[in-house]
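Enquirer: Input file: final-v2.cif. Contents: mmCIF, C-alpha atoms.
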data_model
#
loop_
_atom_site.label_atom_id
_atom_site.label_comp_id
_atom_site.auth_asym_id
_atom_site.auth_seq_id
_atom_site.Cartn_x
_atom_site.Cartn_y
_atom_site.Cartn_z
CA MET P 1 44.86 7.13 254.75
CA ALA P 2 42.42 5.79 252.18
CA ALA P 3 43.72 5.20 248.71
CA THR P 4 40.52 6.79 247.41
CA GLY P 5 41.58 10.12 248.90
CA ILE P 6 44.85 10.08 246.96
CA GLU P 7 43.09 9.05 243.78
CA GLU P 8 40.60 11.90 244.13
CA VAL P 9 43.38 14.47 244.60
CA LEU P 10 45.33 13.12 241.62
CA GLN P 11 42.19 12.88 239.47
CA SER P 12 41.45 16.52 240.28
CA LEU P 13 44.93 17.42 239.02
CA MET P 14 44.39 15.39 235.85
CA ASP P 15 41.08 17.15 235.22
CA THR P 16 42.74 20.55 235.61
CA LEU P 17 45.58 19.55 233.29
CA GLY P 18 43.07 18.19 230.77
CA LEU P 19 41.23 21.51 230.75
CA CYS P 20 44.53 23.33 230.25
CA ALA P 21 45.42 21.03 227.35
CA GLU P 22 42.10 21.70 225.64
CA LYS P 23 42.56 25.44 225.99
CA ILE P 24 46.05 25.19 224.50
CA LYS P 25 44.74 23.20 221.52
CA GLU P 26 41.92 25.67 220.97
CA GLY P 27 44.23 28.64 221.39
CA SER P 28 41.79 29.97 223.96
CA LEU P 29 44.22 30.86 226.74
CA GLY P 30 43.45 34.48 225.97
CA GLN P 31 44.88 37.29 223.91
CA VAL P 32 47.81 39.43 224.95
CA MET P 33 46.67 42.93 225.81
CA GLU P 34 47.92 45.60 223.41
CA ASP P 35 49.92 47.50 226.02
CA LEU P 36 51.69 44.29 227.06
CA GLU P 37 52.40 43.44 223.43
CA LEU P 38 54.07 46.82 222.87
CA SER P 39 56.39 46.28 225.83
CA PHE P 40 57.07 42.63 225.02
CA SER P 41 60.68 41.46 225.21
CA LEU P 42 61.46 38.14 223.50
CA GLU P 43 64.69 37.78 225.46
CA GLU P 44 62.88 38.22 228.77
CA PHE P 45 60.13 35.86 227.59
CA TRP P 46 62.63 33.06 226.93
CA MET P 47 64.30 33.54 230.29
CA LYS P 48 60.98 33.31 232.15
CA LEU P 49 59.65 30.40 230.10
CA GLY P 50 62.87 28.45 230.63
CA MET P 51 62.49 28.92 234.38
CA THR P 52 58.97 27.48 234.28
CA PHE P 53 60.04 24.43 232.25
CA ARG P 54 62.78 23.74 234.78
CA ALA P 55 60.29 24.23 237.63
CA VAL P 56 57.87 21.70 236.14
CA SER P 57 60.70 19.18 235.85
CA LYS P 58 61.80 19.83 239.44
CA GLU P 59 58.28 19.50 240.88
CA ALA P 60 57.71 16.31 238.91
CA THR P 61 60.88 14.88 240.47
CA LYS P 62 59.59 15.67 243.96
CA LEU P 63 56.34 13.87 243.20
CA THR P 64 58.09 10.81 241.83
CA ILE P 65 60.39 10.60 244.85
CA SER P 66 57.38 10.77 247.19
CA PHE P 67 55.90 7.71 245.46
CA SER P 68 59.22 5.87 245.06
CA LYS P 69 58.81 3.74 248.18
CA PRO P 70 56.19 3.00 250.86
CA PRO P 71 54.41 4.52 252.56
CA VAL P 72 52.55 6.65 250.03
CA PRO P 73 52.24 10.30 251.05
CA SER P 74 49.19 11.34 253.04
CA VAL P 75 46.47 13.37 251.37
CA ASP P 76 47.76 16.55 253.01
CA GLU P 77 51.36 15.81 252.01
CA LEU P 78 50.29 14.99 248.48
CA GLN P 79 48.13 18.10 248.25
CA CYS P 80 51.13 20.21 249.21
CA LEU P 81 53.28 18.54 246.55
CA LEU P 82 50.58 18.86 243.92
CA THR P 83 50.11 22.55 244.70
CA GLY P 84 53.74 23.16 243.79
CA PHE P 85 53.44 20.97 240.71
CA GLU P 86 50.23 22.60 239.49
CA THR P 87 51.60 26.08 240.21
CA SER P 88 54.66 25.40 238.04
CA VAL P 89 52.45 24.19 235.16
CA ILE P 90 50.14 27.22 235.44
CA ALA P 91 53.20 29.49 235.48
CA MET P 92 54.42 27.85 232.26
CA LEU P 93 51.03 28.42 230.62
CA THR P 94 50.90 32.02 231.84
CA ILE P 95 54.28 32.83 230.32
CA PHE P 96 53.38 31.02 227.09
CA ARG P 97 50.19 33.05 226.91
CA SER P 98 52.23 36.27 227.05
CA LEU P 99 53.74 35.52 223.61
CA PRO P 100 52.03 37.83 221.09
CA MET P 101 50.99 36.30 217.77
CA SER P 102 52.80 39.23 216.16
CA GLN P 103 56.05 37.43 217.07
CA GLY P 104 55.20 34.90 214.38
CA LYS P 105 52.71 32.16 213.66
CA TYR P 106 55.32 29.41 213.35
CA LEU P 107 57.14 30.37 216.53
CA TYR P 108 53.79 30.28 218.33
CA LYS P 109 52.98 26.85 216.83
CA LYS P 110 56.29 25.33 217.92
CA LEU P 111 55.88 26.63 221.45
CA GLN P 112 52.26 25.54 221.53
CA GLU P 113 53.30 22.00 220.56
CA SER P 114 56.06 21.94 223.19
CA VAL P 115 53.87 23.26 226.01
CA LEU P 116 51.04 20.88 225.09
CA THR P 117 53.46 17.94 225.11
CA VAL P 118 54.65 18.84 228.63
CA VAL P 119 51.07 19.20 229.89
CA ASP P 120 50.18 15.80 228.38
CA ASP P 121 53.27 14.32 230.08
CA CYS P 122 52.09 15.74 233.41
CA GLN P 123 48.71 14.04 232.92
CA THR P 124 50.39 10.74 232.13
CA LEU P 125 52.56 11.05 235.24
CA ALA P 126 49.56 11.72 237.47
CA ALA P 127 47.74 8.73 235.94
CA SER P 128 50.74 6.49 236.69
CA PHE P 129 50.59 7.47 240.38
CA ILE P 130 46.92 6.44 240.51
CA LYS P 131 47.66 3.15 238.76
CA GLU P 132 50.85 2.10 240.54
CA GLY P 133 51.16 3.93 243.83
CA CYS P 134 54.52 2.85 245.28
CA ALA P 135 55.19 0.02 242.85
CA SER P 136 58.69 -0.98 241.80
CA VAL P 137 61.19 1.53 240.46
CA ALA P 138 61.05 -0.02 236.96
CA SER P 139 57.51 1.25 236.56
CA ALA P 140 55.32 3.36 234.33
CA LYS P 141 55.68 6.36 236.62
CA THR P 142 59.47 6.24 236.39
CA LYS P 143 59.22 6.06 232.61
CA SER P 144 56.66 8.89 232.61
CA THR P 145 58.96 11.06 234.71
CA GLY P 146 61.85 10.40 232.34
CA THR P 147 59.72 11.39 229.36
CA LEU P 148 58.67 14.58 231.10
CA TRP P 149 62.29 15.41 231.94
CA GLU P 150 63.27 14.84 228.33
CA HIS P 151 60.58 17.16 226.99
CA CYS P 152 61.34 19.84 229.57
CA ASP P 153 65.03 19.64 228.66
CA GLY P 154 63.98 19.94 225.01
CA PHE P 155 63.14 23.57 225.75
CA GLN P 156 66.71 24.55 224.88
CA HIS P 157 66.22 23.21 221.34
CA LEU P 158 63.15 25.32 220.57
CA PRO P 159 63.54 27.94 217.80
CA ALA P 160 64.80 31.23 219.23
CA ASP P 161 62.48 33.32 217.07
CA ASN P 162 60.14 33.11 214.10
CA LYS P 163 63.02 33.08 211.62
CA HIS P 164 64.37 29.87 213.12
CA ALA P 165 60.88 28.40 213.41
CA VAL P 166 60.32 29.05 209.70
CA LEU P 167 63.71 27.56 208.83
CA GLN P 168 62.59 24.36 210.57
CA VAL P 169 59.56 24.29 208.26
CA PHE P 170 61.88 24.61 205.27
CA GLN P 171 64.08 21.81 206.60
CA ALA P 172 61.08 19.51 207.03
CA SER P 173 59.92 20.32 203.50
CA SER P 174 63.40 19.63 202.16
CA GLU P 175 63.34 16.17 203.74
CA LEU P 176 59.94 15.41 202.21
CA ILE P 177 61.14 16.44 198.75
CA LYS P 178 64.26 14.32 199.20
CA ASP P 179 62.01 11.35 200.02
CA ALA P 180 59.89 12.08 196.94
CA LEU P 181 62.95 12.03 194.68
CA THR P 182 64.08 8.75 196.24
CA GLU P 183 60.62 7.35 195.57
CA LEU P 184 60.80 8.49 191.93
CA ASN P 185 64.19 6.85 191.58
CA GLU P 186 62.71 3.57 192.85
CA ALA P 187 59.76 3.97 190.47
CA GLN P 188 62.20 4.28 187.56
CA LYS P 189 63.92 1.06 188.60
CA CYS P 190 60.53 -0.68 188.66
CA ASN P 191 59.40 0.91 185.38
CA GLY P 192 56.59 2.82 187.06
CA ARG P 193 55.23 0.02 189.20
CA GLN P 194 54.71 0.29 192.92
CA GLU P 195 57.70 -1.05 194.85
CA ASP P 196 55.59 -3.92 196.24
CA ASP P 197 54.89 -5.07 192.68
CA CYS P 198 58.47 -4.75 191.52
CA ASP P 199 59.55 -8.19 192.77
CA GLU P 200 56.30 -9.93 191.93
CA ASP P 201 56.04 -9.70 188.18
CA ASP P 202 53.63 -12.59 187.82
CA ASN P 203 51.09 -11.16 190.24
CA ALA P 204 51.56 -7.43 189.59
CA THR P 205 48.45 -5.68 188.34
CA ASN P 206 50.58 -3.24 186.34
CA LYS P 207 53.37 -5.60 185.33
CA ASP P 208 53.79 -4.00 181.91
CA GLY P 209 55.00 -0.77 183.54
CA TRP P 210 55.30 2.53 181.73
CA SER P 211 54.54 2.82 178.05
CA SER P 212 56.95 4.63 175.74
CA GLU P 213 54.73 7.73 176.01
CA ASP P 214 54.64 7.49 179.80
CA LYS P 215 58.42 7.41 179.93
CA LEU P 216 58.65 10.73 178.10
CA LEU P 217 56.78 12.43 180.95
CA VAL P 218 58.96 11.11 183.75
CA PRO P 219 62.18 13.17 183.24
CA PRO P 220 60.47 16.61 183.12
CA CYS P 221 58.34 15.70 186.16
CA ILE P 222 61.49 14.73 188.05
CA GLY P 223 63.03 17.97 186.83
CA LEU P 224 60.07 19.88 188.28
CA VAL P 225 60.47 18.20 191.66
CA LYS P 226 64.19 18.97 191.59
CA ALA P 227 63.38 22.60 190.80
CA CYS P 228 61.14 22.56 193.86
CA ARG P 229 64.03 21.24 195.93
CA SER P 230 66.24 24.05 194.65
CA CYS P 231 63.58 26.65 195.46
CA VAL P 232 63.38 25.43 199.04
CA LYS P 233 67.17 25.34 199.37
CA LYS P 234 67.83 28.79 197.90
CA ILE P 235 65.02 30.58 199.74
CA SER P 236 66.00 28.87 202.99
CA SER P 237 69.57 30.05 202.48
CA ALA P 238 68.39 33.60 201.80
CA ILE P 239 66.29 33.59 204.98
CA GLN P 240 69.21 32.16 206.97
CA THR P 241 71.49 34.92 205.69
CA SER P 242 69.20 37.95 205.51
CA GLY P 243 65.95 37.08 207.29
CA GLN P 244 64.89 39.56 209.95
CA VAL P 245 62.36 39.51 212.81
CA THR P 246 62.71 43.19 213.66
CA SER P 247 59.27 44.21 212.39
CA VAL P 248 55.79 42.74 212.16
CA GLU P 249 55.95 43.02 208.37
CA ASN P 250 59.17 41.01 208.16
CA ILE P 251 57.78 38.35 210.50
CA GLN P 252 54.60 38.07 208.42
CA GLN P 253 56.65 37.67 205.25
CA LEU P 254 58.48 34.74 206.83
CA ASP P 255 55.19 33.17 207.91
CA SER P 256 53.79 33.62 204.41
CA MET P 257 56.78 31.88 202.84
CA ALA P 258 56.47 28.97 205.26
CA ASP P 259 52.77 28.66 204.38
CA GLU P 260 53.63 28.49 200.69
CA ILE P 261 56.41 25.95 201.18
CA GLN P 262 54.17 23.66 203.22
CA ARG P 263 51.56 23.69 200.45
CA THR P 264 54.10 22.50 197.92
CA SER P 265 54.73 19.26 199.86
CA ALA P 266 51.26 17.94 199.04
CA SER P 267 51.67 19.03 195.43
CA VAL P 268 54.98 17.20 195.11
CA ASP P 269 53.28 14.06 196.44
CA ASP P 270 50.53 14.48 193.84
CA VAL P 271 53.10 14.66 191.04
CA VAL P 272 54.85 11.52 192.29
CA MET P 273 51.62 9.55 192.68
CA SER P 274 50.39 10.58 189.22
CA LEU P 275 53.43 8.92 187.63
CA TYR P 276 52.72 5.40 188.91
CA CYS P 277 51.10 2.85 186.62
CA PRO P 278 48.57 2.97 185.24
CA MET P 279 49.61 6.52 184.40
CA ASN P 280 46.77 8.97 183.82
CA HIS P 281 48.19 11.71 181.61
CA GLN P 282 45.47 14.16 182.61
CA SER P 283 46.40 13.71 186.27
CA VAL P 284 50.08 14.22 185.43
CA SER P 285 49.24 17.45 183.61
CA GLU P 286 47.06 18.77 186.42
CA SER P 287 49.46 17.92 189.25
CA ALA P 288 52.46 19.32 187.36
CA SER P 289 50.57 22.50 186.47
CA LYS P 290 49.55 23.00 190.08
CA LEU P 291 53.12 22.56 191.36
CA THR P 292 54.43 24.88 188.62
CA HIS P 293 51.96 27.59 189.61
CA GLN P 294 52.85 27.27 193.28
CA LEU P 295 56.60 27.40 192.68
CA LYS P 296 56.36 30.48 190.48
CA GLU P 297 54.17 32.15 193.10
CA ILE P 298 56.77 31.35 195.76
CA LEU P 299 59.57 32.82 193.67
CA ASN P 300 57.54 35.94 192.90
CA LYS P 301 56.78 36.43 196.59
CA ALA P 302 60.42 35.84 197.49
CA ARG P 303 61.43 38.66 195.13
CA ASP P 304 59.32 41.08 197.14
CA CYS P 305 60.49 39.90 200.56
CA HIS P 306 63.04 41.63 202.75
CA PHE P 307 65.42 38.65 202.75
CA THR P 308 66.16 38.67 199.01
CA LEU P 309 68.72 41.11 197.66
CA GLU P 310 69.31 42.47 194.18
CA SER P 311 72.07 39.89 193.73
CA ASP P 312 69.49 37.12 194.28
CA SER P 313 67.74 37.97 191.02
CA SER P 314 70.07 35.64 189.10
CA TRP P 315 68.99 32.45 190.88
CA LEU P 316 65.37 33.59 191.05
CA ASP P 317 65.39 34.05 187.26
CA PHE P 318 67.22 30.76 186.71
CA LEU P 319 64.75 28.76 188.79
CA THR P 320 61.77 30.41 187.11
CA LYS P 321 63.18 29.39 183.72
CA ALA P 322 63.91 25.86 184.95
CA ILE P 323 60.32 25.48 186.13
CA ASP P 324 58.95 26.78 182.83
CA HIS P 325 61.32 24.55 180.87
CA ASN P 326 60.13 21.37 182.59
CA MET P 327 56.47 22.33 182.43
CA ASN P 328 56.80 23.18 178.73
CA LYS P 329 58.32 19.74 178.08
CA ILE P 330 55.41 18.08 179.86
CA THR P 331 52.90 20.14 177.87
CA SER P 332 54.73 19.38 174.62
CA VAL P 333 54.72 15.60 175.23
CA LEU P 334 51.01 15.63 176.02
CA HIS P 335 50.24 17.82 173.02
CA GLU P 336 52.11 15.49 170.66
CA ARG P 337 50.21 12.54 172.11
CA GLU P 338 46.89 14.27 171.44
CA GLU P 339 47.89 15.01 167.85
CA THR P 340 48.94 11.41 167.35
CA ASN P 341 45.61 10.14 168.63
CA THR P 342 43.54 12.47 166.41
#
Can the structure in the file be given as structure tokens, please?

Expert:
Amino acid sequence: MAATGIEEVLQSLMDTLGLCAEKIKEGSLGQVMEDLELSFSLEEFWMKLGMTFRAVSKEATKLTISFSKPPVPSVDELQCLLTGFETSVIAMLTIFRSLPMSQGKYLYKKLQESVLTVVDDCQTLAASFIKEGCASVASAKTKSTGTLWEHCDGFQHLPADNKHAVLQVFQASSELIKDALTELNEAQKCNGRQEDDCDEDDNATNKDGWSSEDKLLVPPCIGLVKACRSCVKKISSAIQTSGQVTSVENIQQLDSMADEIQRTSASVDDVVMSLYCPMNHQSVSESASKLTHQLKEILNKARDCHFTLESDSSWLDFLTKAIDHNMNKITSVLHEREETNT
């Protein structure tokens, strides 16, 4: 049996998987027909998708075993194995494709990422067979199989519905804001200089640090970032407690909140970066104003969402006032500076 024959069969598989991966990235696997969408069952979907993930893992194991020791399988034997492997992957894609977008944008995204990762793993595994054949056990193909197993097993950790997918977005945002506050704390220790410059006073380009006017802007900016953290925490808690995925409208509200929260991450970064030396007060004003606007929009939207109750008005009002308070302090400091300079 010529090695070329095996390589051609495996390359054909890789080409097919590559085409599948591109279609997943483009979202061009096709749209769910309306009649199928109306009869869609999320519970049944998860059961079927889980079966396909397990099937991919099982077929990958068969392939790896066939290449674990000489002789390599014949072209016919390999073709039979690859048929089962490819069929399991196509089945996974078919079930994934049956998920209607109306079930939630963020649920779709998480599944899309997971499915794409598994397809990429399958390509890597096929490539390792071409490269190594029946090489030693401690090989790239063994590692590739282990990675594929891990990602297939990761299926059980996927968000059960769009509510849980959105909560993951909130958690990621919370971590980014936490990092931003840690960064601001370090900036205070270094008097506004970048951390790399903090221990190199003689060579630091901004060794003088913040001016007395700069320092007045730091606390309200930190207060604004902390208000952002509180917004994410309180809205996330409200979604956890009262969020529903029982209607398209409710699901869209959750998606909309996740969109808004993701946009604030970049704005928080802008506020942090604007505070480093040399501080540009105009940049501080613009970045703080942008974050303030976004946070108030988020709170206003949250008021009109299904997951906030009448009792939530107290913290919604409190956070709105906290945001205004910090922004007003920033505006006041900048206004006093302008008057002093005129």

Enquirer: Excluding same-chain residues fewer than 4 positions from Lys321 (chain P), what lies within 12 Å of it counting all atoms listed in the file, as a PyMOL selection string?

Expert: chain P and resi 223-224+227+292+295-296+299+314-317+325-328

Enquirer: Mind giving me the straight-line distance from CA of Thr331 (chain P) to CA of Ser289 (chain P) in Å, one decimal?

Expert: 9.2 Å

Enquirer: Go through P:Leu63, P:Gln103, P:Ser88, P:Ile251 and flag the residue nearest Thr142 (chain P), using all atoms listed in the file for the distances.

Expert: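 Under the stated criterion, the closest residue is P:Leu63.
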
Enquirer: Rank nothing, just name the residue among P:Cys228, P:Ser256, P:Met101, P:Ala127 nearest to Cys305 (chain P), using only C-alpha atoms.

Expert: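 Among the listed residues, the smallest separation from Cys305 (chain P) belongs to P:Ser256.
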
Enquirer: Taking the file as I've supplied it (selection: the PyMOL selection byres ((chain P and resi 106) around 8)), which residues are included? Please answer as a PyMOL selection string.

Expert: chain P and resi 104-105+107-110+162+165-166+255

Enquirer: Could you write out that same residue set with C-alpha atoms as a compact mmCIF listing (two decimals), in the coordinates of the input?

Expert:
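Saved to result-v5.txt:
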# COMPACT_ATOMS: atom_id res chain seq x y z
CA GLY P 104 55.20 34.90 214.38
CA LYS P 105 52.71 32.16 213.66
CA LEU P 107 57.14 30.37 216.53
CA TYR P 108 53.79 30.28 218.33
CA LYS P 109 52.98 26.85 216.83
CA LYS P 110 56.29 25.33 217.92
CA ASN P 162 60.14 33.11 214.10
CA ALA P 165 60.88 28.40 213.41
CA VAL P 166 60.32 29.05 209.70
CA ASP P 255 55.19 33.17 207.91

Enquirer: May I ask which of the residues P:Val245, P:Leu184, P:Ile235, P:Met273 is the closest one to Ser313 (chain P), counting all atoms listed in the file?

Expert: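 Among P:Val245, P:Leu184, P:Ile235, P:Met273, it is P:Ile235 that comes nearest to Ser313 (chain P).
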
Enquirer: For the point (46.6, 16.2, 230.0) in file coordinates, what residues are within 6 Å, counting all atoms listed in the file? Give the answer as JSON, numbers by chain?

Expert: {"P": [17, 18, 21, 119, 120, 123]}

Enquirer: Identify which of the residues P:Ser102, P:Gln240, P:Gln188, P:Thr264 lies closest to Gln168 (chain P), counting only C-alpha atoms when measuring atom-to-atom distances.

Expert: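 The closest residue to Gln168 (chain P) is P:Gln240.
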
Enquirer: Mind checking which residues fall within 6 Å of Tyr276 (chain P), counting all atoms listed in the file, ignoring those fewer than 2 positions away in the same chain, and posting them as a list in words?

Expert: Gly192, Arg193, Met273, Ser274 and Met279 of chain P

Enquirer: Counting all atoms listed in the file, note down every residue that has an atom within 12 Å of the point (53.9, 8.0, 173.4) (file coordinates), as number ranges by chain.

Expert: P: 210-218, 279, 281, 332-341

Enquirer: So the first atom is CA of Ile177 (chain P) and the second is CA of Leu275 (chain P); what is the distance between them in Å, to one decimal place?

Expert: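 These two atoms are separated by 15.5 Å.
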
Enquirer: Enumerate, as a PyMOL selection string, the residues matched when the PyMOL selection byres ((chain P and resi 258) around 9) is run on the file above.

Expert: chain P and resi 106+166-167+169-170+253-257+259-263

Enquirer: Of the residues P:Ile330, P:Ile323, P:Ala266, P:Ala172, which is the one nearest to Pro219 (chain P), using all atoms listed in the file?

Expert: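 Among the listed residues, P:Ile330 lies closest to Pro219 (chain P).
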
Enquirer: On this structure, which residues satisfy the PyMOL selection byres ((chain P and resi 49) around 9), written as a CSV table (one decimal) with C-alpha atoms, in the coordinates of the input?

Expert:
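The resulting file, expr25.csv, is reproduced below:
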chain,number,residue,atom,x,y,z
P,44,GLU,CA,62.9,38.2,228.8
P,45,PHE,CA,60.1,35.9,227.6
P,46,TRP,CA,62.6,33.1,226.9
P,47,MET,CA,64.3,33.5,230.3
P,48,LYS,CA,61.0,33.3,232.2
P,50,GLY,CA,62.9,28.4,230.6
P,51,MET,CA,62.5,28.9,234.4
P,52,THR,CA,59.0,27.5,234.3
P,53,PHE,CA,60.0,24.4,232.2
P,54,ARG,CA,62.8,23.7,234.8
P,91,ALA,CA,53.2,29.5,235.5
P,92,MET,CA,54.4,27.8,232.3
P,93,LEU,CA,51.0,28.4,230.6
P,95,ILE,CA,54.3,32.8,230.3
P,96,PHE,CA,53.4,31.0,227.1
P,155,PHE,CA,63.1,23.6,225.8

Enquirer: Please list as a list of chain:residue names every residue within 12 Å of Gly154 (chain P), counting only C-alpha atoms and excluding residues in the same chain fewer than 2 positions away.

Expert: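 Once the nearby chain positions are removed, what remains is P:Gly50, P:Phe53, P:Arg54, P:Ser57, P:Lys110, P:Leu111, P:Glu113, P:Ser114, P:Val115, P:Thr117, P:Val118, P:Thr147, P:Leu148, P:Trp149, P:Glu150, P:His151, P:Cys152, P:Gln156, P:His157, P:Leu158, P:Pro159.
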